[in-house]
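Worksheet for the structure shown next.
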Amino acid sequence: MSEQLLEEIKVRPATLEDAAAICHVHLTSVRVLCTRDYTAKEIEAWIGDRSPENYRYAMQEMGELLFVAEKGEEILGFASLLENEVRAVYLHPNYTRRGVGSLLVDAVEKEAVARKITKLQLVSSTNAVNFYKALGYQVIESTFLTLGAGIQIPCVYMEKDF
């Protein structure tokens, strides 16, 4: 983990203006980081027809709280919280294994504690299970997530008590 990099990163609540950068990080992350565990067909179903509007809708209409990690003007990753669920943690592939994801999860967890949430849940891609385990999340069960066109991808349901 690069201490200098972490000192340069700011984690903050996302704004509607961040939607395009969040979408770019999400698409790039899935397309690059998930190829070891998922087929091209599964990845494309996962991505679907995502657009910046999806993230604006989530923030405005669903009440999803998104956080971004940024260095200068560049968004390196994002995470989100909806009720008691960590809905997303995605990093640009250039910033994995450097502590950025942990900073984002920490922001989500602090918000959960402030909201008096005592248990967080999430559905992890198979390639991210060890990341979440290292942060104290427990595997509850292996399962499948059904995406567009009925395509199912393997994933893992996890939880963490506070």
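So you can find residues: chains in the structure tokens are A, B, ... in the order shown, residues in each start at 1, and ligands are numbered from 1 in order.
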DSSP-assigned alpha helix (DSSP H) members of region 19-142 of chain A, reported as a short mmCIF file (atom, residue, chain, number, x, y, z; two decimals) with C-alpha atoms, in the first residue's frame:
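So result28.cif came out as:
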```cif
data_model
loop_
_atom_site.label_atom_id
_atom_site.label_comp_id
_atom_site.auth_asym_id
_atom_site.auth_seq_id
_atom_site.Cartn_x
_atom_site.Cartn_y
_atom_site.Cartn_z
CA ALA A 19 -22.07 10.30 -12.63
CA ALA A 20 -20.12 10.08 -15.90
CA ALA A 21 -16.82 9.36 -14.12
CA ILE A 22 -18.50 6.82 -11.83
CA CYS A 23 -19.98 5.06 -14.85
CA HIS A 24 -16.58 4.99 -16.56
CA VAL A 25 -14.90 3.48 -13.47
CA HIS A 26 -17.66 0.89 -13.11
CA LEU A 27 -17.50 -0.27 -16.75
CA THR A 28 -13.69 -0.31 -16.83
CA SER A 29 -13.45 -2.15 -13.52
CA VAL A 30 -15.80 -4.94 -14.53
CA ARG A 31 -14.34 -5.33 -18.02
CA VAL A 32 -10.74 -5.50 -16.77
CA LEU A 33 -10.81 -6.95 -13.26
CA ALA A 40 -17.27 -12.23 -21.71
CA LYS A 41 -21.00 -12.96 -21.99
CA GLU A 42 -21.44 -12.69 -18.20
CA ILE A 43 -19.45 -9.45 -18.09
CA GLU A 44 -21.52 -7.84 -20.83
CA ALA A 45 -24.76 -8.90 -19.09
CA TRP A 46 -23.36 -7.45 -15.84
CA ILE A 47 -22.61 -4.15 -17.52
CA PRO A 52 -24.39 8.04 -16.17
CA GLU A 53 -28.15 8.44 -15.80
CA ASN A 54 -28.29 5.15 -13.86
CA TYR A 55 -26.12 6.64 -11.11
CA ARG A 56 -27.98 9.96 -11.05
CA TYR A 57 -31.26 8.04 -10.71
CA ALA A 58 -29.84 5.92 -7.87
CA MET A 59 -28.77 9.04 -5.98
CA GLN A 60 -31.86 11.16 -6.66
CA VAL A 100 -8.26 2.85 -2.14
CA GLY A 101 -11.00 0.23 -1.82
CA SER A 102 -10.48 0.07 1.93
CA LEU A 103 -10.87 3.84 2.17
CA LEU A 104 -14.17 3.64 0.29
CA VAL A 105 -15.53 0.80 2.42
CA ASP A 106 -14.48 2.72 5.54
CA ALA A 107 -16.54 5.72 4.38
CA VAL A 108 -19.58 3.49 3.81
CA GLU A 109 -19.16 1.81 7.19
CA LYS A 110 -18.81 5.13 9.03
CA GLU A 111 -22.02 6.32 7.37
CA ALA A 112 -23.76 3.08 8.37
CA VAL A 113 -22.68 3.53 11.99
CA ALA A 114 -23.88 7.16 11.92
CA VAL A 129 -14.47 -12.10 -1.67
CA ASN A 130 -10.97 -12.01 -0.16
CA PHE A 131 -11.01 -8.20 -0.18
CA TYR A 132 -14.20 -8.15 1.88
CA LYS A 133 -12.99 -10.96 4.17
CA ALA A 134 -9.89 -8.88 4.97
#
```
Quiz item: Excluding same-chain residues fewer than 6 positions from Glu83 (chain A), what lies within 9 Å of it counting only C-alpha atoms, as number ranges by chain?
Solution: A: 63-64, 112, 117, 120
Take the residues from that selection and put them in a file with N, CA, C and O atoms, as a short mmCIF file (atom, residue, chain, number, x, y, z; two decimals), in the first residue's frame.
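For reference, out_11.cif as written:
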```
data_model
loop_
_atom_site.label_atom_id
_atom_site.label_comp_id
_atom_site.auth_asym_id
_atom_site.auth_seq_id
_atom_site.Cartn_x
_atom_site.Cartn_y
_atom_site.Cartn_z
N GLY A 63 -32.33 7.10 -3.29
CA GLY A 63 -31.72 7.43 -2.01
C GLY A 63 -30.40 6.72 -1.75
O GLY A 63 -29.93 6.65 -0.62
N GLU A 64 -29.78 6.22 -2.80
CA GLU A 64 -28.50 5.53 -2.66
C GLU A 64 -27.42 6.59 -2.43
O GLU A 64 -27.37 7.58 -3.14
N ALA A 112 -22.83 4.07 7.81
CA ALA A 112 -23.76 3.08 8.37
C ALA A 112 -23.84 3.22 9.88
O ALA A 112 -24.93 3.21 10.47
N ILE A 117 -26.97 1.68 11.84
CA ILE A 117 -27.10 0.37 11.20
C ILE A 117 -26.15 -0.58 11.92
O ILE A 117 -24.98 -0.26 12.13
N LEU A 120 -24.21 -4.76 8.06
CA LEU A 120 -24.17 -4.47 6.63
C LEU A 120 -24.14 -5.78 5.87
O LEU A 120 -23.53 -6.76 6.32
#
```
Quiz prompt | DSSP-assigned strand (DSSP E) members of region 70-140 of chain A, reported as JSON, numbers by chain | solution = {"A": [70, 71, 74, 75, 76, 77, 78, 79, 80, 81, 82, 85, 86, 87, 88, 89, 90, 91, 119, 120, 121, 122, 123, 124, 125, 138, 139, 140]}
Exercise. Find the spatial neighbours of Leu76 (chain A), counting only C-alpha atoms, within a cut-off of 9 Å - ignore same-chain residues fewer than 4 positions away - and output them as an MDAnalysis selection string.
Key: chainID A and resid 9 21:22 25 68:71 90:95 100
Leaving out Glu85 (chain A) and any residue of its chain fewer than 4 positions from it, which residues lie within 7 Å of it when counting only C-alpha atoms, given as a short mmCIF file (atom, residue, chain, number, x, y, z; two decimals) with all heavy atoms, in the first residue's frame?
```
data_model
loop_
_atom_site.label_atom_id
_atom_site.label_comp_id
_atom_site.auth_asym_id
_atom_site.auth_seq_id
_atom_site.Cartn_x
_atom_site.Cartn_y
_atom_site.Cartn_z
N LEU A 81 -24.00 2.89 -0.63
CA LEU A 81 -24.78 2.36 0.48
C LEU A 81 -26.24 2.65 0.21
O LEU A 81 -26.62 3.79 -0.08
CB LEU A 81 -24.34 3.03 1.78
CG LEU A 81 -25.13 2.68 3.05
CD1 LEU A 81 -24.90 1.21 3.44
CD2 LEU A 81 -24.73 3.60 4.19
N LEU A 120 -24.21 -4.76 8.06
CA LEU A 120 -24.17 -4.47 6.63
C LEU A 120 -24.14 -5.78 5.87
O LEU A 120 -23.53 -6.76 6.32
CB LEU A 120 -22.93 -3.65 6.26
CG LEU A 120 -22.98 -2.16 6.55
CD1 LEU A 120 -21.64 -1.51 6.23
CD2 LEU A 120 -24.09 -1.49 5.76
N GLN A 121 -24.81 -5.79 4.73
CA GLN A 121 -24.78 -6.95 3.86
C GLN A 121 -24.32 -6.52 2.48
O GLN A 121 -24.39 -5.34 2.14
CB GLN A 121 -26.16 -7.60 3.79
CG GLN A 121 -27.23 -6.68 3.24
CD GLN A 121 -28.62 -7.29 3.33
OE1 GLN A 121 -28.87 -8.16 4.15
NE2 GLN A 121 -29.50 -6.85 2.47
N LEU A 122 -23.85 -7.49 1.72
CA LEU A 122 -23.44 -7.21 0.35
C LEU A 122 -23.44 -8.49 -0.45
O LEU A 122 -23.43 -9.59 0.11
CB LEU A 122 -22.07 -6.53 0.30
CG LEU A 122 -20.87 -7.27 0.90
CD1 LEU A 122 -20.23 -8.21 -0.11
CD2 LEU A 122 -19.83 -6.27 1.38
#
```
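Straight-line separation from CA of Val86 (chain A) to CA of Lys160 (chain A): 10.4 Å.
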Quiz item: Hey, what's within 8 Å of Ala88 (chain A) if we count only C-alpha atoms and toss same-chain stuff fewer than 6 positions away? As a ChimeraX atom specification, please?
Solution: /A:78-81
Once you have the residues from the selection above, write them out as a PDB file, in the first residue's frame, restricted to N, CA and C atoms.
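New file out.pdb:
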```pdb
ATOM      1  N   PHE A  78     -15.422   4.134  -6.577  1.00  0.00           N
ATOM      2  CA  PHE A  78     -16.628   4.563  -5.878  1.00  0.00           C
ATOM      3  C   PHE A  78     -17.202   3.406  -5.075  1.00  0.00           C
ATOM      4  N   ALA A  79     -18.035   3.751  -4.126  1.00  0.00           N
ATOM      5  CA  ALA A  79     -18.752   2.773  -3.307  1.00  0.00           C
ATOM      6  C   ALA A  79     -20.127   3.349  -3.024  1.00  0.00           C
ATOM      7  N   SER A  80     -21.067   2.471  -2.688  1.00  0.00           N
ATOM      8  CA  SER A  80     -22.404   2.981  -2.396  1.00  0.00           C
ATOM      9  C   SER A  80     -23.067   2.206  -1.275  1.00  0.00           C
ATOM     10  N   LEU A  81     -24.002   2.895  -0.634  1.00  0.00           N
ATOM     11  CA  LEU A  81     -24.780   2.356   0.475  1.00  0.00           C
ATOM     12  C   LEU A  81     -26.244   2.648   0.210  1.00  0.00           C
TER      13      LEU A  81
END
```
Quiz item: What is the distance between CA of Arg50 (chain A) and CA of Met158 (chain A), in Å to one decimal?
Solution: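 These two atoms are separated by 24.8 Å.
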Quiz item: Restricting the calculation to only C-alpha atoms, which member of A:Leu135, A:Leu65, A:Ala128, A:Leu147 is positioned closest to Asp161 (chain A)?
Solution: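 Of all the options, A:Leu135 lies closest to Asp161 (chain A).
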Need to verify the contact set: Ser125 (chain A), 10 Å, only C-alpha atoms, exclusion of same-chain residues closer than 3 positions in sequence. Can you return it as a compact mmCIF listing (two decimals) with all heavy atoms, in the first residue's frame?
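Output file result_16.txt follows:
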```txt
# COMPACT_ATOMS: atom_id res chain seq x y z
N VAL A 30 -15.22 -3.64 -14.22
CA VAL A 30 -15.80 -4.94 -14.53
C VAL A 30 -15.12 -5.56 -15.75
O VAL A 30 -14.76 -6.75 -15.73
CB VAL A 30 -17.33 -4.82 -14.74
CG1 VAL A 30 -17.91 -6.15 -15.22
CG2 VAL A 30 -18.02 -4.39 -13.45
N CYS A 34 -12.63 -8.45 -13.83
CA CYS A 34 -13.48 -9.63 -13.63
C CYS A 34 -13.28 -10.72 -14.67
O CYS A 34 -13.97 -11.74 -14.62
CB CYS A 34 -14.95 -9.20 -13.56
SG CYS A 34 -15.25 -8.07 -12.18
N ASP A 37 -12.69 -14.49 -13.53
CA ASP A 37 -13.76 -15.27 -12.90
C ASP A 37 -15.05 -15.32 -13.70
O ASP A 37 -15.93 -16.12 -13.37
CB ASP A 37 -14.06 -14.69 -11.51
CG ASP A 37 -12.92 -14.86 -10.53
OD1 ASP A 37 -11.94 -15.54 -10.87
OD2 ASP A 37 -13.01 -14.32 -9.42
N TYR A 38 -15.18 -14.47 -14.71
CA TYR A 38 -16.44 -14.40 -15.45
C TYR A 38 -16.18 -14.42 -16.95
O TYR A 38 -15.17 -13.89 -17.41
CB TYR A 38 -17.20 -13.12 -15.07
CG TYR A 38 -17.59 -13.10 -13.61
CD1 TYR A 38 -16.80 -12.46 -12.66
CD2 TYR A 38 -18.74 -13.74 -13.16
CE1 TYR A 38 -17.13 -12.46 -11.31
CE2 TYR A 38 -19.09 -13.75 -11.82
CZ TYR A 38 -18.28 -13.11 -10.90
OH TYR A 38 -18.62 -13.11 -9.57
N LEU A 122 -23.85 -7.49 1.72
CA LEU A 122 -23.44 -7.21 0.35
C LEU A 122 -23.44 -8.49 -0.45
O LEU A 122 -23.43 -9.59 0.11
CB LEU A 122 -22.07 -6.53 0.30
CG LEU A 122 -20.87 -7.27 0.90
CD1 LEU A 122 -20.23 -8.21 -0.11
CD2 LEU A 122 -19.83 -6.27 1.38
N ALA A 128 -13.86 -10.60 -5.55
CA ALA A 128 -13.69 -9.62 -4.48
C ALA A 128 -13.89 -10.21 -3.08
O ALA A 128 -13.76 -9.50 -2.08
CB ALA A 128 -14.65 -8.46 -4.68
N VAL A 129 -14.17 -11.49 -2.97
CA VAL A 129 -14.47 -12.10 -1.67
C VAL A 129 -13.33 -11.90 -0.68
O VAL A 129 -13.54 -11.52 0.48
CB VAL A 129 -14.82 -13.60 -1.84
CG1 VAL A 129 -14.88 -14.30 -0.49
CG2 VAL A 129 -16.15 -13.74 -2.58
N PHE A 144 -26.17 -17.12 -6.79
CA PHE A 144 -26.10 -16.61 -8.15
C PHE A 144 -26.94 -15.34 -8.24
O PHE A 144 -27.94 -15.20 -7.54
CB PHE A 144 -26.64 -17.64 -9.16
CG PHE A 144 -25.74 -18.81 -9.33
CD1 PHE A 144 -25.84 -19.91 -8.51
CD2 PHE A 144 -24.75 -18.80 -10.31
CE1 PHE A 144 -24.98 -20.99 -8.66
CE2 PHE A 144 -23.90 -19.87 -10.46
CZ PHE A 144 -24.01 -20.97 -9.64
N LEU A 145 -26.51 -14.45 -9.07
CA LEU A 145 -27.25 -13.22 -9.35
C LEU A 145 -27.76 -13.33 -10.78
O LEU A 145 -26.98 -13.65 -11.68
CB LEU A 145 -26.32 -12.02 -9.18
CG LEU A 145 -26.92 -10.64 -9.25
CD1 LEU A 145 -27.92 -10.42 -8.13
CD2 LEU A 145 -25.81 -9.60 -9.13
N ILE A 153 -24.78 -15.19 -12.79
CA ILE A 153 -23.36 -15.18 -12.48
C ILE A 153 -23.17 -15.60 -11.02
O ILE A 153 -23.99 -15.28 -10.16
CB ILE A 153 -22.70 -13.80 -12.73
CG1 ILE A 153 -23.31 -12.70 -11.85
CG2 ILE A 153 -22.76 -13.43 -14.20
CD1 ILE A 153 -22.54 -11.40 -11.86
N PRO A 154 -22.10 -16.33 -10.75
CA PRO A 154 -21.83 -16.72 -9.37
C PRO A 154 -21.42 -15.51 -8.54
O PRO A 154 -20.72 -14.61 -9.02
CB PRO A 154 -20.69 -17.73 -9.49
CG PRO A 154 -20.06 -17.46 -10.80
CD PRO A 154 -21.10 -16.86 -11.68
N CYS A 155 -21.88 -15.48 -7.30
CA CYS A 155 -21.50 -14.41 -6.38
C CYS A 155 -21.60 -14.96 -4.96
O CYS A 155 -21.98 -16.11 -4.75
CB CYS A 155 -22.38 -13.19 -6.58
SG CYS A 155 -24.13 -13.52 -6.43
N VAL A 156 -21.24 -14.12 -3.99
CA VAL A 156 -21.20 -14.57 -2.60
C VAL A 156 -21.90 -13.53 -1.74
O VAL A 156 -21.56 -12.33 -1.78
CB VAL A 156 -19.72 -14.75 -2.14
CG1 VAL A 156 -19.66 -15.17 -0.68
CG2 VAL A 156 -19.02 -15.78 -3.02
N TYR A 157 -22.86 -13.99 -0.95
CA TYR A 157 -23.58 -13.13 -0.01
C TYR A 157 -22.72 -13.04 1.26
O TYR A 157 -22.30 -14.04 1.81
CB TYR A 157 -24.96 -13.72 0.29
CG TYR A 157 -25.75 -12.89 1.26
CD1 TYR A 157 -26.37 -11.71 0.87
CD2 TYR A 157 -25.88 -13.28 2.59
CE1 TYR A 157 -27.09 -10.94 1.77
CE2 TYR A 157 -26.60 -12.53 3.48
CZ TYR A 157 -27.21 -11.37 3.07
OH TYR A 157 -27.91 -10.61 3.97
```
Quiz prompt | Coordinates-based distance that separates CA of Thr39 (chain A) from CA of Phe67 (chain A) (Å, one decimal) | solution = 28.6 Å
